[in-house]
$ cat work_38.txt   # compact mmCIF, N, CA and C atoms
# COMPACT_ATOMS: atom_id res chain seq x y z
N MET A 1 3.17 41.65 31.46
CA MET A 1 2.54 41.74 30.17
C MET A 1 3.12 40.72 29.20
N LYS A 2 4.45 40.58 29.20
CA LYS A 2 5.08 39.62 28.32
C LYS A 2 4.73 38.19 28.71
N THR A 3 4.65 37.92 30.00
CA THR A 3 4.30 36.56 30.43
C THR A 3 2.86 36.23 30.05
N ARG A 4 2.02 37.23 30.09
CA ARG A 4 0.62 37.01 29.70
C ARG A 4 0.53 36.65 28.22
N ARG A 5 1.28 37.34 27.37
CA ARG A 5 1.31 37.03 25.94
C ARG A 5 1.89 35.64 25.70
N LEU A 6 2.93 35.34 26.45
CA LEU A 6 3.56 34.03 26.31
C LEU A 6 2.59 32.92 26.70
N ILE A 7 1.87 33.10 27.77
CA ILE A 7 0.88 32.11 28.21
C ILE A 7 -0.22 31.96 27.16
N CYS A 8 -0.69 33.07 26.62
CA CYS A 8 -1.72 33.02 25.57
C CYS A 8 -1.22 32.30 24.33
N ALA A 9 0.03 32.55 23.95
CA ALA A 9 0.60 31.90 22.77
C ALA A 9 0.73 30.40 23.00
N VAL A 10 1.19 30.02 24.19
CA VAL A 10 1.34 28.59 24.50
C VAL A 10 -0.03 27.92 24.51
N MET A 11 -1.03 28.56 25.09
CA MET A 11 -2.37 27.99 25.14
C MET A 11 -2.94 27.84 23.73
N ALA A 12 -2.67 28.81 22.87
CA ALA A 12 -3.16 28.74 21.49
C ALA A 12 -2.51 27.56 20.75
N LEU A 13 -1.23 27.37 20.96
CA LEU A 13 -0.54 26.24 20.33
C LEU A 13 -1.07 24.91 20.84
N VAL A 14 -1.30 24.81 22.13
CA VAL A 14 -1.85 23.58 22.70
C VAL A 14 -3.25 23.32 22.15
N ALA A 15 -4.05 24.37 22.03
CA ALA A 15 -5.41 24.22 21.50
C ALA A 15 -5.37 23.77 20.05
N LEU A 16 -4.46 24.33 19.25
CA LEU A 16 -4.34 23.93 17.86
C LEU A 16 -3.87 22.48 17.73
N ALA A 17 -2.93 22.10 18.56
CA ALA A 17 -2.43 20.72 18.52
C ALA A 17 -3.53 19.75 18.93
N GLY A 18 -4.37 20.15 19.87
CA GLY A 18 -5.46 19.29 20.33
C GLY A 18 -6.56 19.13 19.28
N CYS A 19 -6.67 20.07 18.36
CA CYS A 19 -7.70 20.02 17.33
C CYS A 19 -7.33 19.10 16.17
N ARG A 20 -6.06 18.78 16.06
CA ARG A 20 -5.65 17.88 14.97
C ARG A 20 -6.34 16.55 15.11
N GLN A 21 -6.83 16.06 13.99
CA GLN A 21 -7.51 14.77 14.01
C GLN A 21 -6.49 13.66 14.21
N LYS A 22 -6.81 12.79 15.13
CA LYS A 22 -5.97 11.63 15.36
C LYS A 22 -6.64 10.44 14.70
N MET A 23 -5.82 9.51 14.30
CA MET A 23 -6.34 8.32 13.64
C MET A 23 -7.06 7.46 14.68
N PRO A 24 -8.26 7.02 14.37
CA PRO A 24 -8.97 6.13 15.29
C PRO A 24 -8.18 4.84 15.51
N PRO A 25 -8.30 4.24 16.67
CA PRO A 25 -7.50 3.04 16.98
C PRO A 25 -7.87 1.81 16.14
N ASN A 26 -9.04 1.80 15.54
CA ASN A 26 -9.48 0.64 14.75
C ASN A 26 -9.06 0.74 13.28
N ILE A 27 -8.27 1.76 12.95
CA ILE A 27 -7.81 1.96 11.58
C ILE A 27 -6.37 1.47 11.46
N ILE A 28 -6.06 0.81 10.36
CA ILE A 28 -4.72 0.30 10.12
C ILE A 28 -3.77 1.48 9.91
N ALA A 29 -2.63 1.44 10.58
CA ALA A 29 -1.64 2.52 10.50
C ALA A 29 -1.13 2.66 9.06
N PRO A 30 -0.77 3.89 8.66
CA PRO A 30 -0.36 4.14 7.27
C PRO A 30 0.77 3.23 6.76
N ASP A 31 1.80 3.00 7.55
CA ASP A 31 2.91 2.16 7.10
C ASP A 31 2.45 0.74 6.80
N LYS A 32 1.66 0.20 7.70
CA LYS A 32 1.15 -1.15 7.52
C LYS A 32 0.16 -1.19 6.35
N MET A 33 -0.69 -0.18 6.25
CA MET A 33 -1.68 -0.13 5.18
C MET A 33 -0.99 -0.04 3.83
N GLN A 34 0.09 0.69 3.76
CA GLN A 34 0.85 0.81 2.52
C GLN A 34 1.38 -0.55 2.08
N ASN A 35 1.89 -1.34 3.02
CA ASN A 35 2.38 -2.68 2.69
C ASN A 35 1.24 -3.61 2.26
N ILE A 36 0.11 -3.47 2.91
CA ILE A 36 -1.06 -4.28 2.54
C ILE A 36 -1.50 -3.93 1.11
N LEU A 37 -1.60 -2.65 0.82
CA LEU A 37 -2.02 -2.22 -0.51
C LEU A 37 -1.03 -2.68 -1.57
N TYR A 38 0.24 -2.64 -1.27
CA TYR A 38 1.25 -3.12 -2.21
C TYR A 38 1.00 -4.59 -2.54
N ASP A 39 0.84 -5.41 -1.51
CA ASP A 39 0.61 -6.84 -1.72
C ASP A 39 -0.69 -7.09 -2.48
N ILE A 40 -1.71 -6.32 -2.18
CA ILE A 40 -2.99 -6.49 -2.87
C ILE A 40 -2.85 -6.13 -4.36
N HIS A 41 -2.10 -5.08 -4.66
CA HIS A 41 -1.92 -4.70 -6.06
C HIS A 41 -1.06 -5.70 -6.82
N VAL A 42 -0.09 -6.30 -6.15
CA VAL A 42 0.70 -7.35 -6.79
C VAL A 42 -0.22 -8.55 -7.09
N ALA A 43 -1.06 -8.90 -6.12
CA ALA A 43 -2.02 -9.99 -6.33
C ALA A 43 -2.99 -9.64 -7.46
N ASP A 44 -3.45 -8.40 -7.50
CA ASP A 44 -4.36 -7.97 -8.58
C ASP A 44 -3.70 -8.12 -9.95
N GLY A 45 -2.42 -7.80 -10.02
CA GLY A 45 -1.70 -7.95 -11.28
C GLY A 45 -1.66 -9.39 -11.73
N TYR A 46 -1.41 -10.29 -10.80
CA TYR A 46 -1.39 -11.71 -11.14
C TYR A 46 -2.79 -12.18 -11.54
N ILE A 47 -3.77 -11.79 -10.78
CA ILE A 47 -5.16 -12.22 -11.04
C ILE A 47 -5.63 -11.73 -12.41
N SER A 48 -5.20 -10.53 -12.80
CA SER A 48 -5.63 -9.99 -14.09
C SER A 48 -5.12 -10.79 -15.27
N MET A 49 -4.13 -11.64 -15.03
CA MET A 49 -3.56 -12.47 -16.10
C MET A 49 -4.38 -13.76 -16.31
N ILE A 50 -5.29 -14.06 -15.41
CA ILE A 50 -6.09 -15.27 -15.51
C ILE A 50 -7.26 -15.01 -16.46
N ALA A 51 -7.38 -15.83 -17.47
CA ALA A 51 -8.37 -15.60 -18.52
C ALA A 51 -9.80 -15.92 -18.08
N MET A 52 -9.98 -16.96 -17.30
CA MET A 52 -11.33 -17.40 -16.94
C MET A 52 -11.82 -16.65 -15.69
N ALA A 53 -12.98 -16.00 -15.83
CA ALA A 53 -13.50 -15.16 -14.75
C ALA A 53 -13.75 -15.95 -13.47
N ASP A 54 -14.34 -17.13 -13.57
CA ASP A 54 -14.62 -17.93 -12.38
C ASP A 54 -13.33 -18.30 -11.65
N SER A 55 -12.33 -18.68 -12.40
CA SER A 55 -11.04 -19.04 -11.81
C SER A 55 -10.40 -17.84 -11.15
N SER A 56 -10.48 -16.70 -11.80
CA SER A 56 -9.85 -15.51 -11.24
C SER A 56 -10.52 -15.08 -9.93
N ARG A 57 -11.83 -15.25 -9.84
CA ARG A 57 -12.52 -14.90 -8.59
C ARG A 57 -12.07 -15.81 -7.45
N LYS A 58 -11.94 -17.10 -7.73
CA LYS A 58 -11.50 -18.03 -6.70
C LYS A 58 -10.07 -17.73 -6.27
N VAL A 59 -9.22 -17.47 -7.25
CA VAL A 59 -7.82 -17.16 -6.94
C VAL A 59 -7.74 -15.85 -6.17
N ALA A 60 -8.52 -14.86 -6.59
CA ALA A 60 -8.51 -13.55 -5.92
C ALA A 60 -8.87 -13.70 -4.45
N ALA A 61 -9.93 -14.43 -4.18
CA ALA A 61 -10.36 -14.60 -2.79
C ALA A 61 -9.25 -15.23 -1.96
N ALA A 62 -8.58 -16.23 -2.52
CA ALA A 62 -7.50 -16.90 -1.79
C ALA A 62 -6.32 -15.95 -1.57
N TYR A 63 -5.96 -15.18 -2.58
CA TYR A 63 -4.84 -14.23 -2.44
C TYR A 63 -5.15 -13.16 -1.41
N TYR A 64 -6.36 -12.60 -1.47
CA TYR A 64 -6.71 -11.56 -0.51
C TYR A 64 -6.71 -12.11 0.91
N LYS A 65 -7.25 -13.31 1.09
CA LYS A 65 -7.22 -13.93 2.42
C LYS A 65 -5.78 -14.11 2.90
N GLY A 66 -4.91 -14.48 1.97
CA GLY A 66 -3.49 -14.64 2.32
C GLY A 66 -2.86 -13.32 2.75
N VAL A 67 -3.19 -12.25 2.07
CA VAL A 67 -2.67 -10.93 2.44
C VAL A 67 -3.20 -10.54 3.81
N TYR A 68 -4.49 -10.73 4.02
CA TYR A 68 -5.08 -10.38 5.32
C TYR A 68 -4.42 -11.19 6.44
N LYS A 69 -4.21 -12.46 6.19
CA LYS A 69 -3.59 -13.32 7.21
C LYS A 69 -2.15 -12.86 7.48
N LYS A 70 -1.43 -12.54 6.43
CA LYS A 70 -0.03 -12.09 6.56
C LYS A 70 0.07 -10.89 7.49
N PHE A 71 -0.90 -9.98 7.40
CA PHE A 71 -0.85 -8.76 8.18
C PHE A 71 -1.73 -8.79 9.44
N GLY A 72 -2.36 -9.94 9.70
CA GLY A 72 -3.15 -10.08 10.92
C GLY A 72 -4.40 -9.23 10.94
N ILE A 73 -5.05 -9.11 9.78
CA ILE A 73 -6.30 -8.34 9.70
C ILE A 73 -7.36 -9.20 9.03
N ASP A 74 -8.56 -8.65 8.89
CA ASP A 74 -9.61 -9.32 8.13
C ASP A 74 -10.17 -8.33 7.12
N SER A 75 -11.06 -8.81 6.26
CA SER A 75 -11.60 -7.96 5.20
C SER A 75 -12.38 -6.78 5.76
N ALA A 76 -13.02 -6.97 6.91
CA ALA A 76 -13.80 -5.88 7.51
C ALA A 76 -12.87 -4.74 7.97
N LYS A 77 -11.76 -5.10 8.62
CA LYS A 77 -10.83 -4.07 9.07
C LYS A 77 -10.18 -3.38 7.87
N TYR A 78 -9.89 -4.15 6.83
CA TYR A 78 -9.34 -3.55 5.61
C TYR A 78 -10.33 -2.56 5.01
N ALA A 79 -11.58 -2.96 4.87
CA ALA A 79 -12.61 -2.09 4.28
C ALA A 79 -12.82 -0.84 5.14
N GLN A 80 -12.85 -1.03 6.44
CA GLN A 80 -13.03 0.10 7.36
C GLN A 80 -11.86 1.08 7.22
N SER A 81 -10.66 0.56 7.12
CA SER A 81 -9.48 1.41 6.97
C SER A 81 -9.48 2.13 5.62
N MET A 82 -9.85 1.42 4.57
CA MET A 82 -9.92 2.06 3.25
C MET A 82 -10.94 3.19 3.26
N ASN A 83 -12.08 2.98 3.90
CA ASN A 83 -13.08 4.05 4.00
C ASN A 83 -12.49 5.27 4.70
N TYR A 84 -11.71 5.04 5.76
CA TYR A 84 -11.06 6.15 6.46
C TYR A 84 -10.11 6.88 5.52
N TYR A 85 -9.27 6.12 4.80
CA TYR A 85 -8.28 6.75 3.92
C TYR A 85 -8.94 7.43 2.72
N TYR A 86 -10.09 6.93 2.26
CA TYR A 86 -10.81 7.63 1.20
C TYR A 86 -11.26 9.01 1.68
N LYS A 87 -11.56 9.13 2.95
CA LYS A 87 -11.97 10.41 3.52
C LYS A 87 -10.77 11.29 3.85
N HIS A 88 -9.57 10.72 3.80
CA HIS A 88 -8.32 11.46 4.06
C HIS A 88 -7.38 11.24 2.87
N PRO A 89 -7.74 11.82 1.72
CA PRO A 89 -7.01 11.53 0.48
C PRO A 89 -5.53 11.93 0.52
N GLN A 90 -5.16 12.90 1.33
CA GLN A 90 -3.76 13.29 1.40
C GLN A 90 -2.91 12.14 1.96
N ASP A 91 -3.45 11.40 2.91
CA ASP A 91 -2.74 10.23 3.46
C ASP A 91 -2.66 9.11 2.42
N LEU A 92 -3.76 8.88 1.73
CA LEU A 92 -3.81 7.84 0.71
C LEU A 92 -2.87 8.17 -0.45
N GLU A 93 -2.80 9.43 -0.80
CA GLU A 93 -1.91 9.84 -1.88
C GLU A 93 -0.45 9.58 -1.53
N LYS A 94 -0.06 9.88 -0.30
CA LYS A 94 1.32 9.60 0.14
C LYS A 94 1.63 8.11 0.03
N MET A 95 0.68 7.29 0.46
CA MET A 95 0.89 5.84 0.39
C MET A 95 1.05 5.40 -1.06
N TYR A 96 0.18 5.88 -1.93
CA TYR A 96 0.21 5.44 -3.32
C TYR A 96 1.44 5.94 -4.07
N LYS A 97 1.99 7.06 -3.69
CA LYS A 97 3.25 7.50 -4.30
C LYS A 97 4.35 6.49 -3.99
N SER A 98 4.41 6.07 -2.76
CA SER A 98 5.42 5.09 -2.36
C SER A 98 5.16 3.73 -3.01
N ILE A 99 3.90 3.33 -3.05
CA ILE A 99 3.53 2.05 -3.68
C ILE A 99 3.91 2.07 -5.16
N ALA A 100 3.65 3.16 -5.84
CA ALA A 100 3.99 3.27 -7.26
C ALA A 100 5.49 3.14 -7.48
N GLN A 101 6.28 3.74 -6.59
CA GLN A 101 7.73 3.61 -6.69
C GLN A 101 8.17 2.17 -6.49
N ARG A 102 7.60 1.51 -5.50
CA ARG A 102 7.94 0.11 -5.25
C ARG A 102 7.56 -0.78 -6.41
N LEU A 103 6.36 -0.57 -6.95
CA LEU A 103 5.92 -1.37 -8.09
C LEU A 103 6.80 -1.11 -9.31
N GLY A 104 7.22 0.14 -9.49
CA GLY A 104 8.12 0.48 -10.60
C GLY A 104 9.46 -0.23 -10.47
N LYS A 105 10.01 -0.25 -9.26
CA LYS A 105 11.27 -0.95 -9.02
C LYS A 105 11.12 -2.44 -9.28
N GLN A 106 10.00 -2.98 -8.83
CA GLN A 106 9.74 -4.42 -9.03
C GLN A 106 9.63 -4.72 -10.52
N GLN A 107 8.96 -3.87 -11.26
CA GLN A 107 8.81 -4.08 -12.70
C GLN A 107 10.16 -4.02 -13.40
N LYS A 108 11.00 -3.05 -13.04
CA LYS A 108 12.33 -2.95 -13.64
C LYS A 108 13.17 -4.19 -13.34
N ALA A 109 13.08 -4.68 -12.12
CA ALA A 109 13.83 -5.88 -11.75
C ALA A 109 13.36 -7.08 -12.55
N MET A 110 12.06 -7.19 -12.76
CA MET A 110 11.53 -8.32 -13.53
C MET A 110 11.92 -8.20 -15.00
N GLU A 111 11.89 -6.98 -15.54
CA GLU A 111 12.30 -6.78 -16.93
C GLU A 111 13.78 -7.13 -17.11
N LYS A 112 14.59 -6.76 -16.14
CA LYS A 112 16.02 -7.08 -16.20
C LYS A 112 16.23 -8.59 -16.14
N ALA A 113 15.51 -9.27 -15.26
CA ALA A 113 15.61 -10.72 -15.16
C ALA A 113 15.16 -11.39 -16.45
N ASP A 114 14.08 -10.90 -17.05
CA ASP A 114 13.62 -11.44 -18.33
C ASP A 114 14.65 -11.23 -19.42
N SER A 115 15.26 -10.07 -19.44
CA SER A 115 16.27 -9.76 -20.44
C SER A 115 17.47 -10.68 -20.30
N ILE A 116 17.90 -10.93 -19.09
CA ILE A 116 19.03 -11.83 -18.84
C ILE A 116 18.67 -13.25 -19.28
N ALA A 117 17.47 -13.68 -18.94
CA ALA A 117 17.03 -15.03 -19.32
C ALA A 117 16.98 -15.17 -20.83
N LYS A 118 16.47 -14.16 -21.52
CA LYS A 118 16.39 -14.22 -22.99
C LYS A 118 17.78 -14.23 -23.62
N SER A 119 18.69 -13.46 -23.07
CA SER A 119 20.03 -13.41 -23.64
C SER A 119 20.76 -14.74 -23.44
N LYS A 120 20.50 -15.42 -22.36
CA LYS A 120 21.13 -16.72 -22.12
C LYS A 120 20.59 -17.76 -23.10
N ARG A 121 19.32 -17.66 -23.45
CA ARG A 121 18.74 -18.62 -24.39
C ARG A 121 19.31 -18.45 -25.79
N LYS A 122 19.65 -17.24 -26.17
CA LYS A 122 20.16 -16.96 -27.51
C LYS A 122 21.55 -17.58 -27.73
N PHE A 123 22.36 -17.68 -26.70
CA PHE A 123 23.74 -18.09 -26.84
C PHE A 123 24.02 -19.50 -26.35
N VAL A 124 23.02 -20.34 -26.37
CA VAL A 124 23.23 -21.73 -25.97
C VAL A 124 23.87 -22.45 -27.15
N PRO A 125 25.08 -22.99 -26.95
CA PRO A 125 25.75 -23.67 -28.06
C PRO A 125 25.04 -24.98 -28.41
N ALA A 126 25.07 -25.29 -29.69
CA ALA A 126 24.46 -26.54 -30.16
C ALA A 126 25.32 -27.72 -29.74
N VAL A 127 24.68 -28.76 -29.31
CA VAL A 127 25.38 -29.97 -28.87
C VAL A 127 25.37 -30.99 -30.00
N LYS A 128 26.54 -31.59 -30.30
CA LYS A 128 26.61 -32.60 -31.37
C LYS A 128 26.53 -33.98 -30.80
$ encode --input "work_38.txt" --output "structure tokens"
Amino acid sequence: MKTRRLICAVMALVALAGCRQKMPPNIIAPDKMQNILYDIHVADGYISMIAMADSSRKVAAAYYKGVYKKFGIDSAKYAQSMNYYYKHPQDLEKMYKSIAQRLGKQQKAMEKADSIAKSKRKFVPAVK
């Protein structure tokens, strides 16, 4: 009787594990996708600083192509993966929490570098 219960419990666990959705092979893995999204958002930040719309579109296309090339993907695979992650918001949320932390650290580092540069400019002695 106990072995029968044990077998039923093991079968139930195997059945539950088999029902979990697995990521399709044509979707970019979460770790890699997180790095891609980080680079794209950094590029977006730079592009947003360009005043002329035509120039920003050209620059954006070049930056995105560079990101895709860096990670060995193309825009179609990126779009397909984003569609998958939009349908799995819990995975996308995890990625964006990490991306936000990375961007925050990057911003603090840049602010610190700017502060150091400004302080050095203030104390430049006059040359006679």
$ residues_around --input "work_38.txt" --residues "Asp39 of chain A" --least-positions-apart "4" --cutoff "8 Å" --atoms "all atoms listed in the file" --output "list in words"
Met33, Gln34, Asn35, Ala43, Asp44, Gly45, Tyr63, Tyr64 and Val67 of chain A
$ atom_distance --input "work_38.txt" --atom1 "atom N of Met110 of chain A" --atom2 "atom N of Glu93 of chain A"
25.3 Å
$ closest_residue --input "work_38.txt" --among "A:Ser115, A:Gln101, A:Ser81, A:Gln107" --to "Pro30 of chain A" --atoms "only C-alpha atoms"
A:Ser81
$ closest_residue --input "work_38.txt" --among "A:Ile28, A:Lys105, A:Met95, A:Ser56" --to "Met82 of chain A" --atoms "all atoms listed in the file"
A:Ile28
$ select_by_dssp --input "work_38.txt" --residues "segment 7-106 of chain A" --states "alpha helix (DSSP H)" --output "number ranges by chain"
A: 7-19, 30-47, 53-71, 75-87, 89-106
$ atom_distance --input "work_38.txt" --atom1 "atom CA of Asp91 of chain A" --atom2 "atom CA of Ile40 of chain A"
17.9 Å
$ atom_distance --input "work_38.txt" --atom1 "atom CA of Pro25 of chain A" --atom2 "atom N of Tyr96 of chain A"
20.6 Å
